[in-house]
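A.B. asks: Next comes final31.txt, compact mmCIF, N, CA and C atoms:
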# COMPACT_ATOMS: atom_id res chain seq x y z
N MET L 24 220.32 96.28 91.31
CA MET L 24 219.37 95.29 90.83
C MET L 24 218.06 95.46 91.59
N THR L 25 216.96 95.38 90.89
CA THR L 25 215.64 95.52 91.47
C THR L 25 215.07 94.14 91.78
N ALA L 26 214.43 94.03 92.96
CA ALA L 26 213.80 92.76 93.36
C ALA L 26 212.56 92.53 92.51
N PRO L 27 212.17 91.28 92.29
CA PRO L 27 210.95 90.98 91.53
C PRO L 27 209.71 91.53 92.25
N VAL L 28 208.72 91.90 91.49
CA VAL L 28 207.45 92.38 92.04
C VAL L 28 206.59 91.16 92.38
N ILE L 29 206.13 91.11 93.63
CA ILE L 29 205.30 90.01 94.11
C ILE L 29 203.90 90.55 94.43
N VAL L 30 202.88 89.89 93.90
CA VAL L 30 201.49 90.26 94.17
C VAL L 30 200.73 89.04 94.67
N PHE L 31 199.57 89.30 95.26
CA PHE L 31 198.74 88.22 95.80
C PHE L 31 197.32 88.37 95.27
N ALA L 32 196.65 87.25 95.10
CA ALA L 32 195.27 87.23 94.61
C ALA L 32 194.31 87.73 95.68
N ASP L 33 193.11 88.06 95.27
CA ASP L 33 192.02 88.43 96.17
C ASP L 33 191.61 87.17 96.94
N ALA L 34 191.80 87.18 98.25
CA ALA L 34 191.50 86.01 99.08
C ALA L 34 190.03 85.62 99.03
N GLN L 35 189.16 86.60 98.94
CA GLN L 35 187.72 86.33 98.92
C GLN L 35 187.33 85.55 97.66
N LEU L 36 187.75 86.03 96.51
CA LEU L 36 187.41 85.35 95.25
C LEU L 36 188.12 84.00 95.13
N ALA L 37 189.36 83.94 95.56
CA ALA L 37 190.11 82.68 95.48
C ALA L 37 189.47 81.62 96.37
N THR L 38 189.03 82.01 97.56
CA THR L 38 188.38 81.06 98.47
C THR L 38 187.04 80.62 97.90
N ARG L 39 186.27 81.57 97.37
CA ARG L 39 184.97 81.23 96.77
C ARG L 39 185.15 80.19 95.66
N ASP L 40 186.09 80.43 94.76
CA ASP L 40 186.30 79.52 93.63
C ASP L 40 186.76 78.15 94.09
N LEU L 41 187.69 78.10 95.03
CA LEU L 41 188.18 76.82 95.55
C LEU L 41 187.06 76.08 96.27
N LEU L 42 186.29 76.78 97.09
CA LEU L 42 185.22 76.13 97.85
C LEU L 42 184.13 75.59 96.93
N ARG L 43 183.83 76.27 95.85
CA ARG L 43 182.85 75.74 94.89
C ARG L 43 183.30 74.38 94.36
N THR L 44 184.57 74.26 94.04
CA THR L 44 185.11 73.01 93.52
C THR L 44 185.12 71.92 94.59
N LEU L 45 185.57 72.26 95.80
CA LEU L 45 185.66 71.27 96.87
C LEU L 45 184.30 70.79 97.35
N LEU L 46 183.32 71.68 97.37
CA LEU L 46 182.01 71.36 97.93
C LEU L 46 181.11 70.61 96.95
N ALA L 47 181.33 70.78 95.66
CA ALA L 47 180.44 70.20 94.64
C ALA L 47 180.19 68.70 94.80
N PRO L 48 181.21 67.87 95.06
CA PRO L 48 180.92 66.43 95.20
C PRO L 48 180.13 66.08 96.46
N HIS L 49 180.19 66.93 97.47
CA HIS L 49 179.55 66.64 98.75
C HIS L 49 178.17 67.28 98.87
N ARG L 50 178.04 68.52 98.41
CA ARG L 50 176.79 69.27 98.51
C ARG L 50 176.56 70.06 97.22
N PRO L 51 176.20 69.36 96.14
CA PRO L 51 176.02 70.07 94.87
C PRO L 51 174.90 71.10 94.89
N ASP L 52 174.02 71.02 95.91
CA ASP L 52 172.91 71.98 95.99
C ASP L 52 173.30 73.28 96.69
N ALA L 53 174.50 73.35 97.27
CA ALA L 53 174.92 74.54 98.02
C ALA L 53 175.40 75.64 97.07
N THR L 54 174.94 76.84 97.31
CA THR L 54 175.41 78.01 96.57
C THR L 54 176.56 78.63 97.36
N VAL L 55 177.69 78.88 96.68
CA VAL L 55 178.83 79.54 97.31
C VAL L 55 179.02 80.87 96.59
N SER L 56 178.94 81.97 97.34
CA SER L 56 178.96 83.28 96.73
C SER L 56 179.64 84.30 97.65
N THR L 57 180.03 85.42 97.07
CA THR L 57 180.53 86.53 97.87
C THR L 57 179.39 87.50 98.18
N ARG L 58 178.22 87.23 97.64
CA ARG L 58 177.05 88.09 97.88
C ARG L 58 176.25 87.60 99.07
N ASN L 59 175.46 88.50 99.62
CA ASN L 59 174.56 88.12 100.70
C ASN L 59 173.52 87.15 100.18
N ALA L 60 173.06 86.27 101.05
CA ALA L 60 172.01 85.33 100.67
C ALA L 60 170.72 86.09 100.43
N PRO L 61 169.97 85.72 99.38
CA PRO L 61 168.67 86.36 99.14
C PRO L 61 167.75 86.16 100.34
N THR L 62 166.91 87.13 100.60
CA THR L 62 166.02 87.05 101.76
C THR L 62 164.55 87.10 101.38
N ASP L 63 164.25 86.94 100.08
CA ASP L 63 162.83 87.00 99.69
C ASP L 63 162.11 85.73 100.14
N ASP L 64 160.80 85.75 100.06
CA ASP L 64 159.99 84.62 100.51
C ASP L 64 159.66 83.65 99.37
N ASN L 65 160.27 83.81 98.22
CA ASN L 65 159.94 82.99 97.06
C ASN L 65 160.91 81.83 96.87
N GLY L 66 161.18 81.11 97.94
CA GLY L 66 162.04 79.94 97.82
C GLY L 66 163.51 80.27 97.60
N SER L 67 164.04 81.22 98.36
CA SER L 67 165.46 81.55 98.24
C SER L 67 166.30 80.29 98.38
N PRO L 68 167.36 80.17 97.58
CA PRO L 68 168.15 78.93 97.62
C PRO L 68 168.84 78.74 98.96
N ARG L 69 168.72 77.56 99.49
CA ARG L 69 169.43 77.15 100.70
C ARG L 69 169.90 75.74 100.45
N PRO L 70 171.04 75.35 100.84
CA PRO L 70 172.00 76.09 101.64
C PRO L 70 172.78 77.13 100.83
N TRP L 71 173.29 78.12 101.56
CA TRP L 71 174.03 79.24 100.96
C TRP L 71 175.27 79.49 101.81
N VAL L 72 176.42 79.59 101.17
CA VAL L 72 177.67 79.90 101.87
C VAL L 72 178.18 81.24 101.35
N ARG L 73 178.25 82.23 102.25
CA ARG L 73 178.77 83.55 101.87
C ARG L 73 180.23 83.65 102.31
N VAL L 74 181.09 84.07 101.39
CA VAL L 74 182.52 84.18 101.65
C VAL L 74 182.88 85.67 101.72
N ARG L 75 183.54 86.04 102.80
CA ARG L 75 184.06 87.39 102.97
C ARG L 75 185.51 87.29 103.43
N ALA L 76 186.33 88.25 103.04
CA ALA L 76 187.73 88.24 103.47
C ALA L 76 188.15 89.63 103.91
N GLY L 77 189.05 89.64 104.88
CA GLY L 77 189.62 90.90 105.35
C GLY L 77 190.79 91.31 104.48
N THR L 78 191.39 92.41 104.84
CA THR L 78 192.54 92.94 104.12
C THR L 78 193.73 92.01 104.29
N PRO L 79 194.39 91.65 103.19
CA PRO L 79 195.58 90.79 103.32
C PRO L 79 196.68 91.49 104.11
N GLN L 80 197.39 90.71 104.89
CA GLN L 80 198.51 91.21 105.69
C GLN L 80 199.78 90.52 105.24
N ARG L 81 200.73 91.29 104.77
CA ARG L 81 202.03 90.71 104.39
C ARG L 81 202.85 90.50 105.65
N THR L 82 203.41 89.30 105.76
CA THR L 82 204.31 89.00 106.86
C THR L 82 205.76 89.09 106.40
N SER L 83 205.96 89.13 105.11
CA SER L 83 207.26 89.39 104.49
C SER L 83 206.96 89.83 103.06
N ARG L 84 208.00 90.08 102.29
CA ARG L 84 207.78 90.51 100.91
C ARG L 84 207.08 89.44 100.08
N VAL L 85 207.26 88.17 100.44
CA VAL L 85 206.71 87.08 99.63
C VAL L 85 205.70 86.22 100.40
N SER L 86 205.19 86.72 101.51
CA SER L 86 204.25 85.96 102.32
C SER L 86 203.11 86.86 102.78
N ALA L 87 201.88 86.38 102.60
CA ALA L 87 200.71 87.14 103.04
C ALA L 87 199.58 86.19 103.42
N SER L 88 198.73 86.68 104.29
CA SER L 88 197.53 85.92 104.67
C SER L 88 196.37 86.88 104.85
N ALA L 89 195.16 86.32 104.84
CA ALA L 89 193.96 87.13 105.04
C ALA L 89 192.96 86.31 105.85
N THR L 90 192.22 86.99 106.70
CA THR L 90 191.16 86.34 107.45
C THR L 90 189.95 86.16 106.54
N VAL L 91 189.44 84.93 106.49
CA VAL L 91 188.27 84.61 105.66
C VAL L 91 187.13 84.22 106.59
N ARG L 92 185.99 84.88 106.41
CA ARG L 92 184.80 84.61 107.22
C ARG L 92 183.74 83.95 106.34
N LEU L 93 183.27 82.81 106.77
CA LEU L 93 182.26 82.06 106.03
C LEU L 93 180.97 82.05 106.84
N THR L 94 179.88 82.48 106.22
CA THR L 94 178.57 82.46 106.85
C THR L 94 177.74 81.44 106.09
N VAL L 95 177.26 80.43 106.81
CA VAL L 95 176.51 79.33 106.20
C VAL L 95 175.05 79.43 106.61
N TYR L 96 174.18 79.58 105.62
CA TYR L 96 172.73 79.61 105.84
C TYR L 96 172.16 78.27 105.40
N ALA L 97 171.26 77.73 106.21
CA ALA L 97 170.61 76.46 105.86
C ALA L 97 169.19 76.47 106.42
N SER L 98 168.50 75.35 106.27
CA SER L 98 167.09 75.28 106.67
C SER L 98 166.90 75.34 108.17
N ASP L 99 167.88 74.88 108.95
CA ASP L 99 167.80 74.97 110.41
C ASP L 99 169.22 75.03 110.97
N GLU L 100 169.32 75.25 112.27
CA GLU L 100 170.63 75.42 112.92
C GLU L 100 171.52 74.19 112.76
N GLY L 101 170.94 73.02 112.91
CA GLY L 101 171.72 71.79 112.77
C GLY L 101 172.30 71.63 111.37
N ALA L 102 171.50 71.91 110.37
CA ALA L 102 171.98 71.81 108.98
C ALA L 102 173.06 72.85 108.70
N ALA L 103 172.90 74.06 109.26
CA ALA L 103 173.91 75.10 109.07
C ALA L 103 175.23 74.70 109.73
N LEU L 104 175.16 74.18 110.94
CA LEU L 104 176.38 73.73 111.63
C LEU L 104 177.05 72.57 110.92
N SER L 105 176.25 71.64 110.43
CA SER L 105 176.79 70.48 109.72
C SER L 105 177.53 70.91 108.45
N LEU L 106 176.91 71.79 107.69
CA LEU L 106 177.55 72.27 106.46
C LEU L 106 178.78 73.11 106.78
N ALA L 107 178.70 73.93 107.82
CA ALA L 107 179.86 74.74 108.22
C ALA L 107 181.03 73.84 108.62
N ALA L 108 180.76 72.76 109.32
CA ALA L 108 181.82 71.82 109.70
C ALA L 108 182.44 71.16 108.47
N LEU L 109 181.61 70.82 107.49
CA LEU L 109 182.11 70.24 106.24
C LEU L 109 182.99 71.24 105.51
N VAL L 110 182.53 72.47 105.39
CA VAL L 110 183.28 73.52 104.70
C VAL L 110 184.63 73.73 105.39
N GLU L 111 184.61 73.84 106.71
CA GLU L 111 185.84 74.02 107.46
C GLU L 111 186.79 72.84 107.23
N GLY L 112 186.26 71.63 107.34
CA GLY L 112 187.09 70.44 107.15
C GLY L 112 187.70 70.36 105.76
N LEU L 113 186.92 70.68 104.74
CA LEU L 113 187.43 70.65 103.37
C LEU L 113 188.57 71.65 103.17
N LEU L 114 188.41 72.85 103.71
CA LEU L 114 189.44 73.87 103.52
C LEU L 114 190.68 73.60 104.36
N LEU L 115 190.52 73.00 105.53
CA LEU L 115 191.67 72.70 106.38
C LEU L 115 192.42 71.44 105.95
N ALA L 116 191.82 70.65 105.07
CA ALA L 116 192.44 69.39 104.63
C ALA L 116 193.47 69.66 103.53
N GLU L 117 194.36 70.59 103.80
CA GLU L 117 195.44 70.93 102.87
C GLU L 117 194.92 71.35 101.50
N ALA L 118 193.81 72.06 101.48
CA ALA L 118 193.25 72.57 100.23
C ALA L 118 194.15 73.67 99.68
N THR L 119 194.49 73.56 98.40
CA THR L 119 195.33 74.56 97.75
C THR L 119 194.77 74.86 96.37
N SER L 120 195.26 75.95 95.79
CA SER L 120 194.92 76.29 94.42
C SER L 120 196.07 77.10 93.85
N ASP L 121 195.89 77.58 92.64
CA ASP L 121 196.94 78.41 92.04
C ASP L 121 197.04 79.77 92.72
N ARG L 122 196.06 80.12 93.60
CA ARG L 122 196.06 81.41 94.29
C ARG L 122 196.17 81.29 95.80
N LEU L 123 196.01 80.06 96.32
CA LEU L 123 196.03 79.84 97.77
C LEU L 123 196.98 78.72 98.14
N LEU L 124 197.75 78.93 99.21
CA LEU L 124 198.65 77.90 99.71
C LEU L 124 197.96 76.98 100.71
N GLY L 125 196.90 77.44 101.31
CA GLY L 125 196.17 76.63 102.29
C GLY L 125 195.48 77.51 103.31
N PHE L 126 194.95 76.87 104.36
CA PHE L 126 194.17 77.56 105.38
C PHE L 126 194.58 77.07 106.77
N GLY L 127 194.39 77.93 107.74
CA GLY L 127 194.59 77.57 109.14
C GLY L 127 193.33 77.93 109.92
N PRO L 128 193.07 77.22 111.02
CA PRO L 128 191.86 77.48 111.80
C PRO L 128 191.96 78.75 112.63
N ILE L 129 190.84 79.43 112.77
CA ILE L 129 190.74 80.57 113.69
C ILE L 129 189.58 80.34 114.66
N GLY L 130 188.37 80.07 114.13
CA GLY L 130 187.23 79.86 115.01
C GLY L 130 186.03 79.28 114.31
N GLY L 131 185.21 78.59 115.08
CA GLY L 131 183.97 78.04 114.56
C GLY L 131 184.10 76.55 114.31
N PRO L 132 183.02 75.97 113.82
CA PRO L 132 181.73 76.55 113.51
C PRO L 132 180.97 76.97 114.77
N THR L 133 180.33 78.10 114.64
CA THR L 133 179.55 78.68 115.73
C THR L 133 178.13 78.92 115.23
N PRO L 134 177.11 78.44 115.98
CA PRO L 134 175.74 78.69 115.54
C PRO L 134 175.33 80.13 115.78
N GLY L 135 174.37 80.59 115.02
CA GLY L 135 173.87 81.95 115.19
C GLY L 135 172.54 82.13 114.50
N THR L 136 172.04 83.33 114.57
CA THR L 136 170.79 83.71 113.92
C THR L 136 171.01 85.04 113.24
N ASP L 137 170.61 85.14 111.99
CA ASP L 137 170.72 86.40 111.26
C ASP L 137 169.83 87.43 111.96
N PRO L 138 170.39 88.57 112.38
CA PRO L 138 169.59 89.53 113.13
C PRO L 138 168.48 90.19 112.31
N GLU L 139 168.62 90.23 111.01
CA GLU L 139 167.60 90.88 110.18
C GLU L 139 166.49 89.92 109.77
N THR L 140 166.86 88.69 109.37
CA THR L 140 165.87 87.75 108.84
C THR L 140 165.44 86.70 109.86
N ARG L 141 166.19 86.57 110.96
CA ARG L 141 165.95 85.55 111.99
C ARG L 141 166.22 84.14 111.47
N GLU L 142 166.94 84.01 110.35
CA GLU L 142 167.29 82.71 109.81
C GLU L 142 168.46 82.10 110.58
N PRO L 143 168.48 80.76 110.70
CA PRO L 143 169.62 80.11 111.34
C PRO L 143 170.85 80.19 110.44
N LEU L 144 172.01 80.29 111.08
CA LEU L 144 173.26 80.33 110.33
C LEU L 144 174.37 79.76 111.19
N ALA L 145 175.52 79.54 110.58
CA ALA L 145 176.71 79.12 111.30
C ALA L 145 177.89 79.90 110.73
N LEU L 146 178.85 80.21 111.59
CA LEU L 146 180.00 81.01 111.20
C LEU L 146 181.30 80.20 111.36
N VAL L 147 182.19 80.36 110.40
CA VAL L 147 183.53 79.76 110.45
C VAL L 147 184.52 80.84 110.04
N THR L 148 185.62 80.94 110.77
CA THR L 148 186.67 81.90 110.42
C THR L 148 187.98 81.15 110.25
N LEU L 149 188.65 81.42 109.12
CA LEU L 149 189.90 80.76 108.78
C LEU L 149 190.94 81.79 108.37
N ALA L 150 192.19 81.39 108.42
CA ALA L 150 193.27 82.22 107.89
C ALA L 150 193.70 81.61 106.56
N ALA L 151 193.57 82.39 105.50
CA ALA L 151 193.97 81.94 104.15
C ALA L 151 195.42 82.38 103.91
N ARG L 152 196.27 81.42 103.58
CA ARG L 152 197.65 81.73 103.20
C ARG L 152 197.68 81.92 101.69
N LEU L 153 198.05 83.11 101.25
CA LEU L 153 198.00 83.47 99.84
C LEU L 153 199.27 83.06 99.12
N ARG L 154 199.09 82.56 97.91
CA ARG L 154 200.23 82.15 97.08
C ARG L 154 200.83 83.37 96.40
N PRO L 155 202.13 83.59 96.56
CA PRO L 155 202.75 84.74 95.89
C PRO L 155 202.84 84.50 94.39
N ARG L 156 202.69 85.60 93.64
CA ARG L 156 202.83 85.53 92.18
C ARG L 156 203.80 86.63 91.75
N GLN L 157 204.80 86.23 91.01
CA GLN L 157 205.79 87.19 90.54
C GLN L 157 205.36 87.77 89.22
N LEU L 158 205.41 89.10 89.10
CA LEU L 158 205.07 89.76 87.84
C LEU L 158 206.24 89.69 86.88
Please render this file's structure as structure tokens.
C.D. replies:
Amino acid sequence: MTAPVIVFADAQLATRDLLRTLLAPHRPDATVSTRNAPTDDNGSPRPWVRVRAGTPQRTSRVSASATVRLTVYASDEGAALSLAALVEGLLLAEATSDRLLGFGPIGGPTPGTDPETREPLALVTLAARLRPRQL
């Protein structure tokens, strides 16, 4: 007998989609994307949350997690930290979806400055627990 095939969703896209839904009632003006924030001088949208994820790691045949890195750009360091804290809190508050089982803390929010644009930012790192899907 062959065991069922188990696959996992892309943690980056799953987190982006969930965060858009969770953040909308609190910060409808925030853009949540997997792309880098625009850096032009023509009123680039802020606040901006960039979602990146590392390679998923299976801990068993039916269990996997991935490190998710969130970079929050805002008008100043305080606004970036405030939004990063909100994002972290929303995701740690037992947030789930059809592709994610939840999140665990790793680090942040940490203030920073974009080395290329000199814009203020804040960083949050979480562990995303991926929901298994049987084919």
A.B. asks: Identify, on the basis of all atoms listed in the file, every residue whose closest approach to Ala150 in chain L does not exceed 8 Å; exclude the query and any residue fewer than 5 positions from it along the same chain; express the result as a PyMOL selection string.
C.D. replies: chain L and resi 88-92+125-130
A.B. asks: I need the chosen residues saved as a JSON list (two decimals), in the frame of the given file, with N, CA and C atoms.
C.D. replies:
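Final file, out-v8.json:
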[["chain", "number", "residue", "atom", "x", "y", "z"],
["L", 88, "SER", "N", 198.73, 86.68, 104.29],
["L", 88, "SER", "CA", 197.53, 85.92, 104.67],
["L", 88, "SER", "C", 196.37, 86.88, 104.85],
["L", 89, "ALA", "N", 195.16, 86.32, 104.84],
["L", 89, "ALA", "CA", 193.96, 87.13, 105.04],
["L", 89, "ALA", "C", 192.96, 86.31, 105.85],
["L", 90, "THR", "N", 192.22, 86.99, 106.70],
["L", 90, "THR", "CA", 191.16, 86.34, 107.45],
["L", 90, "THR", "C", 189.95, 86.16, 106.54],
["L", 91, "VAL", "N", 189.44, 84.93, 106.49],
["L", 91, "VAL", "CA", 188.27, 84.61, 105.66],
["L", 91, "VAL", "C", 187.13, 84.22, 106.59],
["L", 92, "ARG", "N", 185.99, 84.88, 106.41],
["L", 92, "ARG", "CA", 184.80, 84.61, 107.22],
["L", 92, "ARG", "C", 183.74, 83.95, 106.34],
["L", 125, "GLY", "N", 196.90, 77.44, 101.31],
["L", 125, "GLY", "CA", 196.17, 76.63, 102.29],
["L", 125, "GLY", "C", 195.48, 77.51, 103.31],
["L", 126, "PHE", "N", 194.95, 76.87, 104.36],
["L", 126, "PHE", "CA", 194.17, 77.56, 105.38],
["L", 126, "PHE", "C", 194.58, 77.07, 106.77],
["L", 127, "GLY", "N", 194.39, 77.93, 107.74],
["L", 127, "GLY", "CA", 194.59, 77.57, 109.14],
["L", 127, "GLY", "C", 193.33, 77.93, 109.92],
["L", 128, "PRO", "N", 193.07, 77.22, 111.02],
["L", 128, "PRO", "CA", 191.86, 77.48, 111.80],
["L", 128, "PRO", "C", 191.96, 78.75, 112.63],
["L", 129, "ILE", "N", 190.84, 79.43, 112.77],
["L", 129, "ILE", "CA", 190.74, 80.57, 113.69],
["L", 129, "ILE", "C", 189.58, 80.34, 114.66],
["L", 130, "GLY", "N", 188.37, 80.07, 114.13],
["L", 130, "GLY", "CA", 187.23, 79.86, 115.01],
["L", 130, "GLY", "C", 186.03, 79.28, 114.31]]
A.B. asks: Tell me which protein, DNA and RNA residues are within 8 Å of Leu158 in chain L, counting all atoms listed in the file, leaving out same-chain ones fewer than 3 positions away, and put them as number ranges by chain.
C.D. replies: L: 27-30, 155
A.B. asks: Once DSSP has gone over the backbone, tell me which residues of chain L are in alpha helix (DSSP H), as an NGL selection string.
C.D. replies: :L and (34-46 or 100-115)
A.B. asks: Could you pull out all residues of range 73-153 of chain L with a DSSP call of strand (DSSP E) and give them as a PyMOL selection string?
C.D. replies: chain L and resi 73-76+80-83+86-96+123-136+143-153
A.B. asks: Can you list, as a PDB file with N, CA and C atoms, in the frame of the given file, every protein, DNA or RNA residue that comes within 6.5 Å of range 100-103 of chain L when you count only N, CA and C atoms, leaving out same-chain residues fewer than 6 positions away?
C.D. replies:
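The resulting file, around33.pdb, is reproduced below:
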ATOM      1  N   PRO L 143     168.480  80.760 110.700  1.00  0.00           N
ATOM      2  CA  PRO L 143     169.620  80.110 111.340  1.00  0.00           C
ATOM      3  C   PRO L 143     170.850  80.190 110.440  1.00  0.00           C
ATOM      4  N   LEU L 144     172.010  80.290 111.080  1.00  0.00           N
ATOM      5  CA  LEU L 144     173.260  80.330 110.330  1.00  0.00           C
ATOM      6  C   LEU L 144     174.370  79.760 111.190  1.00  0.00           C
ATOM      7  N   ALA L 145     175.520  79.540 110.580  1.00  0.00           N
ATOM      8  CA  ALA L 145     176.710  79.120 111.300  1.00  0.00           C
ATOM      9  C   ALA L 145     177.890  79.900 110.730  1.00  0.00           C
TER      10      ALA L 145
END
A.B. asks: Hey, which of L:Arg69, L:Arg154, L:Leu149, L:Tyr96 ends up closest to Asp52 in chain L? Count all atoms listed in the file.
C.D. replies: L:Arg69
